[in-house]
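**Student:** This is my_file.cif (mmCIF, C-alpha atoms).
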```cif
data_target
loop_
_atom_site.label_atom_id
_atom_site.label_comp_id
_atom_site.auth_asym_id
_atom_site.auth_seq_id
_atom_site.Cartn_x
_atom_site.Cartn_y
_atom_site.Cartn_z
CA MET A 262 107.02 94.72 73.75
CA VAL A 263 107.89 91.13 74.55
CA LEU A 264 108.25 89.41 77.90
CA ILE A 265 110.61 86.49 77.36
CA LYS A 266 108.88 83.23 78.19
CA TYR A 267 111.05 80.72 80.00
CA ASN A 268 111.05 78.85 83.31
CA ALA A 269 111.13 82.05 85.40
CA GLY A 270 108.94 82.16 88.48
CA ASN A 271 107.71 85.74 88.16
CA ILE A 272 106.26 85.89 84.64
CA GLN A 273 102.68 86.12 85.94
CA SER A 274 103.52 88.93 88.37
CA VAL A 275 105.49 90.91 85.76
CA SER A 276 102.59 90.46 83.30
CA PHE A 277 100.14 91.86 85.84
CA ALA A 278 102.43 94.83 86.54
CA LEU A 279 102.59 95.62 82.81
CA GLU A 280 98.80 95.24 82.54
CA ARG A 281 98.38 97.73 85.39
CA LEU A 282 100.49 100.20 83.40
CA GLY A 283 98.29 99.62 80.35
CA VAL A 284 101.18 98.28 78.24
CA ASP A 285 100.57 96.07 75.21
CA PHE A 286 102.89 93.09 75.31
CA THR A 287 103.36 89.51 74.16
CA ILE A 288 104.83 86.62 76.14
CA SER A 289 107.04 84.62 73.83
CA ASP A 290 110.11 82.43 73.47
CA ASN A 291 110.10 82.72 69.68
CA PRO A 292 113.39 84.38 68.53
CA GLU A 293 111.73 86.17 65.60
CA ILE A 294 109.04 87.68 67.80
CA ILE A 295 111.61 88.67 70.44
CA ASN A 296 113.94 90.20 67.83
CA SER A 297 111.18 92.30 66.30
CA ALA A 298 109.88 93.71 69.63
CA ASP A 299 110.45 97.41 70.40
CA ARG A 300 111.35 96.50 73.98
CA VAL A 301 112.16 93.25 75.74
CA ILE A 302 111.81 92.24 79.39
CA PHE A 303 113.91 89.35 80.68
CA PRO A 304 112.32 88.35 84.00
CA GLY A 305 113.78 85.85 86.42
CA VAL A 306 113.26 83.93 89.60
CA GLY A 307 115.09 80.66 90.00
CA GLU A 308 118.55 79.12 90.04
CA ALA A 309 121.36 80.31 87.74
CA SER A 310 122.81 77.06 86.28
CA THR A 311 119.51 75.35 85.42
CA THR A 312 118.16 78.59 83.96
CA MET A 313 121.27 79.16 81.78
CA ALA A 314 121.05 75.53 80.60
CA TYR A 315 117.38 76.08 79.72
CA LEU A 316 118.22 79.25 77.77
CA ARG A 317 121.14 77.58 75.91
CA ASP A 318 119.01 74.55 74.97
CA ARG A 319 116.59 76.89 73.25
CA LYS A 320 119.33 79.20 71.84
CA LEU A 321 117.74 82.05 73.76
CA ASP A 322 121.17 82.96 75.19
CA GLN A 323 122.37 84.08 71.74
CA VAL A 324 119.08 85.86 71.05
CA ILE A 325 119.25 87.89 74.27
CA LYS A 326 122.93 88.84 73.89
CA ASN A 327 122.39 90.16 70.39
CA LEU A 328 119.28 92.26 71.00
CA LYS A 329 119.58 95.89 69.91
CA GLN A 330 116.38 97.32 71.39
CA PRO A 331 116.07 98.30 75.08
CA VAL A 332 116.19 95.14 77.25
CA LEU A 333 115.31 95.05 80.96
CA GLY A 334 116.62 92.19 83.10
CA ILE A 335 114.89 91.61 86.44
CA CYS A 336 116.45 89.87 89.49
CA LEU A 337 117.94 86.58 88.20
CA GLY A 338 117.58 88.13 84.71
CA MET A 339 120.06 90.83 85.77
CA GLN A 340 122.46 88.27 87.27
CA LEU A 341 122.37 86.15 84.11
CA MET A 342 123.32 89.25 82.06
CA CYS A 343 126.66 89.27 83.95
CA ARG A 344 129.81 87.26 83.18
CA HIS A 345 129.77 84.58 85.84
CA SER A 346 127.71 83.66 88.90
CA GLU A 347 128.96 82.01 92.07
CA GLU A 348 125.61 80.20 92.16
CA ASN A 349 126.73 76.70 91.11
CA ASP A 350 129.74 78.20 89.28
CA THR A 351 127.69 79.30 86.25
CA GLU A 352 128.96 80.98 83.08
CA CYS A 353 126.36 83.61 82.19
CA LEU A 354 125.59 85.82 79.18
CA GLY A 355 128.50 88.26 79.67
CA ILE A 356 126.64 91.41 78.66
CA PHE A 357 127.92 93.13 81.79
CA ASP A 358 131.52 91.99 82.33
CA GLN A 359 130.90 91.63 86.06
CA PRO A 360 130.86 88.80 88.61
CA VAL A 361 127.80 87.71 90.66
CA LYS A 362 128.73 86.94 94.26
CA ARG A 363 126.99 85.29 97.19
CA PHE A 364 126.16 87.39 100.26
CA VAL A 365 128.19 86.35 103.28
CA PRO A 366 125.79 86.23 106.26
CA LYS A 367 126.71 88.40 109.25
CA ALA A 368 125.06 89.08 112.59
CA ASP A 369 121.71 90.78 111.87
CA PHE A 370 122.17 90.29 108.11
CA LYS A 371 120.25 87.20 107.14
CA VAL A 372 120.59 85.57 103.72
CA PRO A 373 118.57 85.75 101.50
CA HIS A 374 118.29 89.50 101.56
CA MET A 375 114.50 89.64 101.65
CA GLY A 376 112.25 92.64 102.07
CA TRP A 377 112.22 96.37 101.38
CA ASN A 378 115.50 98.25 101.10
CA GLU A 379 116.51 101.69 99.86
CA LEU A 380 117.78 102.85 96.50
CA THR A 381 120.66 105.33 96.80
CA LYS A 382 123.02 107.10 94.39
CA VAL A 383 120.41 106.84 91.64
CA THR A 384 121.58 108.12 88.28
CA GLY A 385 120.90 107.94 84.54
CA TRP A 386 117.74 106.05 83.62
CA ILE A 387 116.58 105.73 87.27
CA SER A 388 114.62 108.92 87.93
CA PRO A 389 115.85 111.16 90.78
CA GLU A 390 112.60 110.99 92.82
CA LEU A 391 113.51 107.35 93.56
CA GLU A 392 116.51 108.36 95.70
CA ASN A 393 115.97 106.82 99.18
CA LYS A 394 112.77 105.05 98.07
CA SER A 395 112.46 101.41 99.10
CA VAL A 396 112.00 98.53 96.70
CA TYR A 397 111.35 94.82 97.26
CA TYR A 398 114.24 92.35 97.17
CA VAL A 399 114.50 88.56 97.42
CA HIS A 400 118.00 87.31 96.54
CA SER A 401 121.09 85.55 97.90
CA TYR A 402 123.52 86.71 95.18
CA TYR A 403 124.52 90.23 94.15
CA VAL A 404 126.50 92.20 91.61
CA PRO A 405 129.12 94.47 93.25
CA VAL A 406 129.04 98.19 92.47
CA ASN A 407 130.77 98.76 89.13
CA MET A 408 131.09 101.18 86.19
CA PHE A 409 127.60 100.19 84.94
CA THR A 410 125.78 100.73 88.27
CA SER A 411 122.77 103.12 88.11
CA ALA A 412 121.57 102.72 91.72
CA VAL A 413 123.08 101.28 94.89
CA THR A 414 121.52 99.41 97.82
CA GLU A 415 123.45 98.40 100.90
CA TYR A 416 123.18 94.98 102.58
CA THR A 417 126.38 93.82 104.29
CA VAL A 418 128.07 95.53 101.31
CA PRO A 419 126.96 98.16 98.80
CA PHE A 420 125.71 96.34 95.66
CA SER A 421 124.23 97.17 92.26
CA ALA A 422 120.48 97.75 92.61
CA ALA A 423 120.30 98.75 88.94
CA MET A 424 122.69 98.80 85.98
CA LYS A 425 122.86 100.00 82.39
CA LYS A 426 125.15 99.30 79.46
CA ASP A 427 124.25 100.41 75.92
CA ASN A 428 120.69 99.09 75.31
CA PHE A 429 120.78 96.74 78.33
CA TYR A 430 119.08 97.78 81.58
CA ALA A 431 118.81 95.68 84.70
CA VAL A 432 117.42 95.71 88.25
CA GLN A 433 118.17 93.35 91.12
CA PHE A 434 114.90 94.08 92.94
CA HIS A 435 111.36 93.20 91.86
CA PRO A 436 109.68 96.28 90.32
CA GLU A 437 106.53 94.17 89.84
CA LYS A 438 106.23 93.86 93.66
CA SER A 439 107.66 97.25 94.68
CA ALA A 440 104.47 99.31 94.93
CA GLU A 441 104.61 102.82 93.40
CA ALA A 442 108.43 102.90 93.30
CA GLY A 443 108.41 99.75 91.18
CA GLN A 444 105.84 101.21 88.80
CA THR A 445 108.00 104.30 88.40
CA ILE A 446 111.02 102.14 87.45
CA LEU A 447 108.96 100.26 84.86
CA LYS A 448 107.76 103.61 83.49
CA ASN A 449 111.41 104.79 83.40
CA PHE A 450 112.19 101.79 81.21
CA LEU A 451 109.11 102.30 79.01
CA ARG A 452 110.17 105.92 78.36
CA ILE A 453 113.57 104.92 76.95
CA MET B 249 118.84 99.65 105.48
CA LEU B 250 116.43 96.71 105.36
CA SER B 251 112.99 97.81 106.58
CA LYS B 252 110.97 96.13 109.29
CA ARG B 253 107.77 94.87 107.65
CA ILE B 254 104.15 95.51 108.63
CA ILE B 255 101.82 92.74 107.46
CA PRO B 256 98.01 92.83 107.64
CA CYS B 257 96.47 89.36 107.64
CA LEU B 258 93.13 88.64 105.94
CA ASP B 259 91.07 85.55 106.74
CA ILE B 260 89.18 84.31 103.68
CA LYS B 261 86.19 82.00 103.84
CA ASP B 262 84.49 80.87 100.65
CA GLY B 263 86.10 83.74 98.76
CA ARG B 264 85.11 86.50 101.21
CA THR B 265 87.02 88.21 104.01
CA VAL B 266 85.78 87.35 107.46
CA LYS B 267 86.26 88.98 110.87
CA GLY B 268 84.47 92.27 111.12
CA VAL B 269 85.96 94.89 108.94
CA ASN B 270 85.25 98.50 109.67
CA PHE B 271 86.82 100.59 106.99
CA VAL B 272 85.84 104.00 105.85
CA ASN B 273 86.16 104.62 102.13
CA ILE B 274 85.68 101.04 101.14
CA ARG B 275 82.66 99.84 99.24
CA ASP B 276 82.75 96.16 100.01
CA ALA B 277 84.89 95.17 102.99
CA GLY B 278 84.06 91.52 102.30
CA ASP B 279 85.85 91.71 98.96
CA PRO B 280 89.42 90.49 99.56
CA VAL B 281 90.71 92.20 96.43
CA GLU B 282 89.39 95.61 97.38
CA LEU B 283 90.57 95.30 100.98
CA ALA B 284 94.01 94.12 99.84
CA SER B 285 94.33 97.03 97.39
CA THR B 286 93.43 99.45 100.18
CA TYR B 287 96.16 98.05 102.42
CA ALA B 288 98.69 98.15 99.59
CA GLN B 289 97.88 101.81 98.94
CA GLN B 290 98.20 102.60 102.64
CA GLY B 291 101.74 101.25 102.70
CA ALA B 292 101.45 97.66 103.94
CA ASP B 293 104.72 95.90 103.12
CA GLU B 294 103.22 92.47 102.52
CA LEU B 295 99.88 90.74 102.95
CA VAL B 296 98.95 87.32 104.25
CA PHE B 297 95.73 85.60 103.13
CA LEU B 298 94.56 82.63 105.17
CA ASP B 299 92.00 80.39 103.51
CA ILE B 300 89.74 79.13 106.27
CA SER B 301 87.17 77.55 103.93
CA ALA B 302 85.63 74.49 105.45
CA THR B 303 85.64 72.23 102.42
CA ASN B 304 88.10 71.27 99.70
CA GLU B 305 85.53 72.17 97.03
CA LYS B 306 85.52 75.77 98.19
CA ARG B 307 89.33 75.72 98.27
CA LYS B 308 89.56 74.87 94.61
CA THR B 309 88.22 78.28 93.71
CA PHE B 310 90.93 79.91 95.79
CA ALA B 311 93.55 79.96 93.00
CA THR B 312 91.15 82.09 90.96
CA LEU B 313 90.95 84.57 93.81
CA VAL B 314 94.75 84.54 94.19
CA LYS B 315 95.06 85.50 90.55
CA GLU B 316 92.67 88.41 91.05
CA ILE B 317 94.67 89.55 94.06
CA ALA B 318 97.94 89.36 92.09
CA ARG B 319 96.36 91.27 89.22
CA ASN B 320 95.38 94.12 91.51
CA ILE B 321 98.10 94.57 94.13
CA ASN B 322 101.73 95.56 93.65
CA ILE B 323 103.28 94.22 96.88
CA PRO B 324 104.28 90.67 97.85
CA PHE B 325 101.77 88.32 99.44
CA THR B 326 101.62 84.94 101.15
CA ILE B 327 98.85 82.35 100.96
CA GLY B 328 98.15 79.95 103.79
CA GLY B 329 95.48 77.58 105.01
CA GLY B 330 95.00 73.97 104.04
CA ILE B 331 98.31 73.66 102.21
CA ASN B 332 99.52 70.08 102.22
CA SER B 333 101.67 69.35 99.22
CA ALA B 334 103.53 70.66 96.19
CA GLU B 335 100.35 70.06 94.16
CA ASP B 336 98.53 72.55 96.37
CA VAL B 337 101.32 75.11 96.05
CA ALA B 338 102.12 75.15 92.31
CA PRO B 339 98.80 76.70 91.17
CA LEU B 340 99.01 79.38 93.88
CA LEU B 341 102.52 80.48 92.86
CA GLU B 342 101.61 80.32 89.18
CA ALA B 343 98.63 82.56 89.95
CA GLY B 344 101.05 85.18 91.30
CA ALA B 345 101.44 84.47 95.03
CA ASP B 346 104.98 85.05 96.32
CA LYS B 347 105.02 82.64 99.24
CA VAL B 348 102.91 79.98 100.90
CA SER B 349 102.66 79.18 104.58
CA ILE B 350 102.40 75.66 105.87
CA ASN B 351 101.24 74.88 109.40
CA SER B 352 99.40 71.74 110.58
CA ALA B 353 100.50 69.66 107.58
CA ALA B 354 104.15 70.30 108.45
CA VAL B 355 103.61 69.27 112.09
CA ARG B 356 101.97 66.05 110.91
CA ASN B 357 104.59 65.42 108.26
CA PRO B 358 107.74 67.57 108.61
CA GLY B 359 109.13 66.23 105.30
CA ARG B 360 106.57 68.47 103.55
CA ILE B 361 108.80 71.44 104.26
CA ASP B 362 111.75 69.80 102.48
CA GLU B 363 109.50 68.95 99.53
CA LEU B 364 108.21 72.49 99.15
CA ALA B 365 111.65 74.10 99.62
CA LYS B 366 113.17 71.81 96.99
CA ALA B 367 110.34 72.31 94.54
CA PHE B 368 109.92 76.08 94.84
CA GLY B 369 112.89 77.49 96.81
CA SER B 370 113.14 78.40 100.48
CA GLN B 371 112.13 82.01 99.84
CA CYS B 372 108.60 80.73 99.00
CA VAL B 373 108.12 78.65 102.14
CA VAL B 374 106.88 80.18 105.38
CA ALA B 375 106.58 77.84 108.35
CA ALA B 376 103.62 79.05 110.43
CA ILE B 377 103.82 77.93 114.05
CA ASP B 378 101.01 78.38 116.58
CA ALA B 379 102.14 77.81 120.14
CA ARG B 380 100.98 78.37 123.69
CA LEU B 381 102.65 78.08 127.08
CA VAL B 382 101.83 74.82 128.86
CA ASN B 383 103.64 74.27 132.18
CA ASP B 384 106.33 76.80 131.21
CA GLN B 385 106.93 75.15 127.85
CA TRP B 386 105.92 76.63 124.50
CA ILE B 387 103.94 73.76 122.96
CA VAL B 388 103.13 73.81 119.25
CA HIS B 389 99.40 73.51 118.52
CA THR B 390 97.60 72.65 115.29
CA HIS B 391 94.10 73.21 113.89
CA GLY B 392 93.97 76.90 114.67
CA GLY B 393 95.67 76.45 118.03
CA LYS B 394 93.16 73.93 119.35
CA THR B 395 95.14 70.69 119.29
CA PRO B 396 98.43 70.31 121.20
CA SER B 397 101.21 68.47 119.38
CA ASP B 398 104.28 66.71 120.73
CA LYS B 399 106.53 69.52 119.48
CA GLU B 400 108.16 72.36 121.38
CA LEU B 401 108.38 75.80 119.71
CA PHE B 402 112.15 76.42 119.62
CA SER B 403 113.27 72.95 118.55
CA TRP B 404 110.46 72.80 115.97
CA ALA B 405 111.37 76.26 114.58
CA LYS B 406 115.00 75.14 114.23
CA GLU B 407 113.87 71.94 112.50
CA CYS B 408 111.71 73.99 110.09
CA GLU B 409 114.76 76.14 109.28
CA SER B 410 117.04 73.14 108.70
CA ARG B 411 114.41 71.54 106.47
CA GLY B 412 114.42 74.63 104.26
CA ALA B 413 111.74 77.05 105.51
CA GLY B 414 112.62 80.61 104.51
CA GLU B 415 110.72 82.35 107.32
CA ILE B 416 108.97 81.57 110.58
CA LEU B 417 105.54 83.05 111.30
CA PHE B 418 105.16 82.61 115.05
CA THR B 419 101.72 83.15 116.59
CA SER B 420 101.38 83.07 120.35
CA MET B 421 97.93 81.62 120.96
CA ASP B 422 98.17 82.98 124.52
CA HIS B 423 98.48 86.52 123.19
CA ASP B 424 96.27 86.26 120.10
CA GLY B 425 93.18 88.40 120.51
CA THR B 426 94.26 89.84 123.87
CA LYS B 427 95.62 93.16 122.50
CA SER B 428 98.19 93.06 125.28
CA GLY B 429 101.31 92.93 123.13
CA PHE B 430 103.36 90.26 121.35
CA ALA B 431 105.15 87.34 123.09
CA LEU B 432 108.42 89.29 123.34
CA THR B 433 110.60 86.83 125.25
CA ALA B 434 109.74 83.92 122.96
CA LEU B 435 110.31 86.15 119.90
CA ALA B 436 113.74 87.22 121.13
CA SER B 437 114.69 83.58 121.76
CA LEU B 438 113.59 82.64 118.23
CA HIS B 439 115.76 85.47 116.86
CA GLU B 440 118.76 84.17 118.81
CA GLN B 441 118.31 80.58 117.71
CA LEU B 442 117.45 81.07 114.03
CA THR B 443 119.14 82.59 111.01
CA ILE B 444 115.91 83.04 109.01
CA PRO B 445 113.49 85.98 109.50
CA VAL B 446 110.79 85.80 112.16
CA ILE B 447 107.31 87.33 111.77
CA ALA B 448 105.64 88.21 115.09
CA SER B 449 101.93 87.47 115.34
CA GLY B 450 99.30 87.54 118.08
CA GLY B 451 98.65 90.28 120.60
CA ALA B 452 98.91 93.58 118.74
CA GLY B 453 96.68 96.17 120.41
CA GLU B 454 98.54 99.45 120.14
CA LYS B 455 101.41 101.05 118.26
CA ARG B 456 103.82 100.54 121.16
CA HIS B 457 103.39 96.77 120.80
CA PHE B 458 104.84 96.87 117.29
CA LEU B 459 107.78 98.95 118.51
CA GLU B 460 108.43 96.38 121.26
CA ALA B 461 108.18 93.49 118.77
CA PHE B 462 111.02 95.07 116.77
CA THR B 463 113.17 96.23 119.71
CA SER B 464 112.99 93.69 122.56
CA GLY B 465 111.35 90.98 120.39
CA LYS B 466 113.94 91.49 117.57
CA ALA B 467 111.30 90.50 115.01
CA ASP B 468 111.85 91.14 111.30
CA ALA B 469 108.16 91.72 110.64
CA ALA B 470 104.92 92.04 112.59
CA LEU B 471 101.52 90.75 111.56
CA ALA B 472 98.08 91.77 112.79
CA ALA B 473 94.49 91.46 111.65
CA SER B 474 91.60 93.01 113.56
CA ILE B 475 93.31 96.20 114.74
CA PHE B 476 93.95 97.07 111.09
CA HIS B 477 90.55 95.85 109.87
CA PHE B 478 88.72 97.90 112.48
CA GLY B 479 90.85 100.95 111.78
CA GLU B 480 92.06 101.11 115.39
CA ILE B 481 95.57 101.54 114.02
CA THR B 482 96.18 102.79 110.50
CA ILE B 483 99.30 101.73 108.65
CA PRO B 484 100.54 105.24 107.77
CA ASP B 485 100.15 106.35 111.39
CA LEU B 486 101.89 103.21 112.70
CA LYS B 487 104.80 103.59 110.30
CA HIS B 488 105.20 107.26 111.18
CA TYR B 489 105.34 106.32 114.87
CA LEU B 490 107.89 103.55 114.25
CA SER B 491 110.02 105.83 112.14
CA GLN B 492 110.03 108.48 114.89
CA ASN B 493 111.23 105.76 117.22
CA ASN B 494 114.17 104.93 114.94
CA ILE B 495 112.75 101.73 113.45
CA PRO B 496 113.60 101.50 109.75
CA VAL B 497 110.28 101.34 107.88
CA ARG B 498 109.24 102.01 104.31
CA ILE B 499 107.27 105.25 104.14
#
```
Starting from the coordinates I provided, produce the structure as structure tokens.

**Tutor:**
Amino acid sequence: MVLIKYNAGNIQSVSFALERLGVDFTISDNPEIINSADRVIFPGVGEASTTMAYLRDRKLDQVIKNLKQPVLGICLGMQLMCRHSEENDTECLGIFDQPVKRFVPKADFKVPHMGWNELTKVTGWISPELENKSVYYVHSYYVPVNMFTSAVTEYTVPFSAAMKKDNFYAVQFHPEKSAEAGQTILKNFLRI
Amino acid sequence: MLSKRIIPCLDIKDGRTVKGVNFVNIRDAGDPVELASTYAQQGADELVFLDISATNEKRKTFATLVKEIARNINIPFTIGGGINSAEDVAPLLEAGADKVSINSAAVRNPGRIDELAKAFGSQCVVAAIDARLVNDQWIVHTHGGKTPSDKELFSWAKECESRGAGEILFTSMDHDGTKSGFALTALASLHEQLTIPVIASGGAGEKRHFLEAFTSGKADAALAASIFHFGEITIPDLKHYLSQNNIPVRI
């Protein structure tokens, strides 16, 4: 398994989470190593436009789009797998043909959406015992519920907590910081 | 629904937890990693570690400890104490900390908040504010609440927000250690005047105080130290109580 190395803020935390699960993995930005991995994790904490520019400069955008093995995008990783983000009007990878929108703050709904919130309507690769379990979120942008959604969380609007399309899997929350529920999600991905 | 957060706070001096800790089923209560893991398993939503080491030499070893904490716990955590600049913060975040809190340094030089928010994002920056009532005014204090500043709580909290702080950790020095409940009126005013989350701190003595912090105090999270360390209130019991009283908590 390979954890894609780039300017994401959570690489250390994701590494530790994988270590706790006893997984063997390599951290790399080398296309050959990424292509030959049995699984790939695309982490992410940061801003969409600078991160996409970073990936394009290193041709990692093409590498990620064309992967055939199971790929898990986390947080910004999930957003970058979509078509377009409202964060600085950024064209993204287009794996999920979906928009990424900014939360509109409302009374008692502060932005960013930060803290523990519930997974609902879990389906497919997200195991059923995670229904109504809380996971840890820190984000200001979201992917609306769509045909690829595998779990829903509600914050001002219902949004995609997790998605799946072909070999691409994605979560908006941080499984590496989501206690036992987060470990279960990572195990769900490792079982695929 | 977004949960209200329960946050145990650990004071660290020279790599060890201080303040008496009275935990059953723990081998070394002075070991921050073991204590943190215990809290994480009990259902704490976040942890705060305050480095109260006296010297900068001792502080340098702190990033190593942060890495050990990150290796062993699976919930978010904040590091505070002696944080002055982006150079202090980068190694802590790289080691796996999720947020840092800045206190006296921001009072001395408010531009520090802008610097940290620009460099690392607002979600990483917690503005910690210690205040006490002086002649009916909440006056911000520095150096562990000992030194009064020229700032007033509400205007300073708003300034922290506009400079890019992602959260306010408000400690009432008048309530801290009294076990008589949080500063509810001040908390509710902060909630009204800010759009960022507020963490209540200082005064927790019983479960009811947490309930009040979330209802009349409108806090997003509540922090406490000794009542958790001494096992006077356990996190599972507290969360069960809050849940029964219709507060959304992660169980």

**Student:** For the file shown, report as a list in words the outcome of the PyMOL selection byres ((chain B) within 6 of (chain A)) at residue level.

**Tutor:** Met249, Leu250, Ser251, Arg319, Asn322, Ile323, Pro324 and Gly344 of chain B

**Student:** Which residues fall under the PyMOL selection byres ((chain B and resi 481) around 12) in this file, as JSON, numbers by chain?

**Tutor:** {"B": [254, 256, 270, 271, 290, 427, 452, 453, 454, 455, 456, 457, 458, 472, 473, 474, 475, 476, 477, 478, 479, 480, 482, 483, 484, 485, 486, 487, 488, 489]}

**Student:** One decimal, Å: what's the distance from CA of Ala431 in chain B over to CA of Glu409 in chain B, could you say?

**Tutor:** 20.2 Å

**Student:** For the PyMOL selection byres ((chain B and resi 412) around 12), applied here, can you spell out every residue it catches as an MDAnalysis selection string?

**Tutor:** chainID B and resid 354 358:375 405:411 413:416 443:444

**Student:** What does the structure give for the distance between CA of Pro331 in chain A and CA of Ala412 in chain A, in Å to one decimal?

**Tutor:**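 Rounded to one decimal, the two atoms are 18.1 Å apart.
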
**Student:** Please compute the CA of Phe310 in chain B-CA of Leu340 in chain B distance, one decimal, in Å.

**Tutor:**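 One can read the CA of Phe310 in chain B to CA of Leu340 in chain B distance as 8.3 Å.
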
**Student:** Step by step, gather every atom of range 367-373 of chain A that the file lists, find the box along x, y and z that holds them, add 8 Å on each side, and finally give centre and edge lengths in Å to one decimal, as JSON.

**Tutor:**
```
{"center_x": 122.6, "center_y": 88.2, "center_z": 107.0, "size_x": 24.1, "size_y": 21.2, "size_z": 27.1}
```

**Student:** Name the residues in contact with range 315-317 of chain A at a cut-off of 8 Å, using only C-alpha atoms, excluding same-chain residues fewer than 5 positions from it; report them as a VMD selection string.

**Tutor:** chain A and resid 267 to 268 322 to 323

**Student:** Would you mind exporting the chosen residues as a PDB file, in the coordinates of the input, restricted to C-alpha atoms?

**Tutor:**
```
ATOM      1  CA  TYR A 267     111.050  80.720  80.000  1.00  0.00           C
ATOM      2  CA  ASN A 268     111.050  78.850  83.310  1.00  0.00           C
ATOM      3  CA  ASP A 322     121.170  82.960  75.190  1.00  0.00           C
ATOM      4  CA  GLN A 323     122.370  84.080  71.740  1.00  0.00           C
TER       5      GLN A 323
END
```

**Student:** Only all heavy atoms needed: put range 417-422 of chain A from the block into a file as a PDB file, in the first residue's frame.

**Tutor:**
```pdb
ATOM      1  N   THR A 417     -26.264  21.879   8.165  1.00  0.00           N
ATOM      2  CA  THR A 417     -27.062  22.846   7.392  1.00  0.00           C
ATOM      3  C   THR A 417     -27.784  22.142   6.229  1.00  0.00           C
ATOM      4  O   THR A 417     -28.925  22.455   5.948  1.00  0.00           O
ATOM      5  CB  THR A 417     -26.267  24.058   6.838  1.00  0.00           C
ATOM      6  OG1 THR A 417     -25.359  23.619   5.832  1.00  0.00           O
ATOM      7  CG2 THR A 417     -25.504  24.791   7.933  1.00  0.00           C
ATOM      8  N   VAL A 418     -27.086  21.239   5.557  1.00  0.00           N
ATOM      9  CA  VAL A 418     -27.681  20.419   4.493  1.00  0.00           C
ATOM     10  C   VAL A 418     -27.149  18.995   4.647  1.00  0.00           C
ATOM     11  O   VAL A 418     -26.102  18.799   5.264  1.00  0.00           O
ATOM     12  CB  VAL A 418     -27.268  20.930   3.089  1.00  0.00           C
ATOM     13  CG1 VAL A 418     -27.920  22.259   2.781  1.00  0.00           C
ATOM     14  CG2 VAL A 418     -25.758  21.028   2.970  1.00  0.00           C
ATOM     15  N   PRO A 419     -27.857  18.001   4.086  1.00  0.00           N
ATOM     16  CA  PRO A 419     -27.253  16.668   4.045  1.00  0.00           C
ATOM     17  C   PRO A 419     -26.118  16.684   3.017  1.00  0.00           C
ATOM     18  O   PRO A 419     -26.270  17.287   1.952  1.00  0.00           O
ATOM     19  CB  PRO A 419     -28.397  15.759   3.553  1.00  0.00           C
ATOM     20  CG  PRO A 419     -29.616  16.602   3.487  1.00  0.00           C
ATOM     21  CD  PRO A 419     -29.191  18.034   3.455  1.00  0.00           C
ATOM     22  N   PHE A 420     -24.958  16.089   3.359  1.00  0.00           N
ATOM     23  CA  PHE A 420     -23.847  16.063   2.395  1.00  0.00           C
ATOM     24  C   PHE A 420     -23.209  14.675   2.375  1.00  0.00           C
ATOM     25  O   PHE A 420     -23.519  13.829   3.224  1.00  0.00           O
ATOM     26  CB  PHE A 420     -22.826  17.165   2.712  1.00  0.00           C
ATOM     27  CG  PHE A 420     -22.065  16.954   4.001  1.00  0.00           C
ATOM     28  CD1 PHE A 420     -20.898  16.194   4.034  1.00  0.00           C
ATOM     29  CD2 PHE A 420     -22.516  17.526   5.190  1.00  0.00           C
ATOM     30  CE1 PHE A 420     -20.199  16.010   5.227  1.00  0.00           C
ATOM     31  CE2 PHE A 420     -21.826  17.345   6.380  1.00  0.00           C
ATOM     32  CZ  PHE A 420     -20.664  16.578   6.392  1.00  0.00           C
ATOM     33  N   SER A 421     -22.342  14.452   1.389  1.00  0.00           N
ATOM     34  CA  SER A 421     -21.689  13.148   1.243  1.00  0.00           C
ATOM     35  C   SER A 421     -20.596  12.995   2.293  1.00  0.00           C
ATOM     36  O   SER A 421     -19.573  13.680   2.237  1.00  0.00           O
ATOM     37  CB  SER A 421     -21.046  13.018  -0.143  1.00  0.00           C
ATOM     38  OG  SER A 421     -22.040  12.977  -1.132  1.00  0.00           O
ATOM     39  N   ALA A 422     -20.804  12.063   3.242  1.00  0.00           N
ATOM     40  CA  ALA A 422     -19.769  11.733   4.216  1.00  0.00           C
ATOM     41  C   ALA A 422     -18.774  10.772   3.582  1.00  0.00           C
ATOM     42  O   ALA A 422     -17.588  10.799   3.896  1.00  0.00           O
ATOM     43  CB  ALA A 422     -20.398  11.095   5.446  1.00  0.00           C
TER      44      ALA A 422
END
```
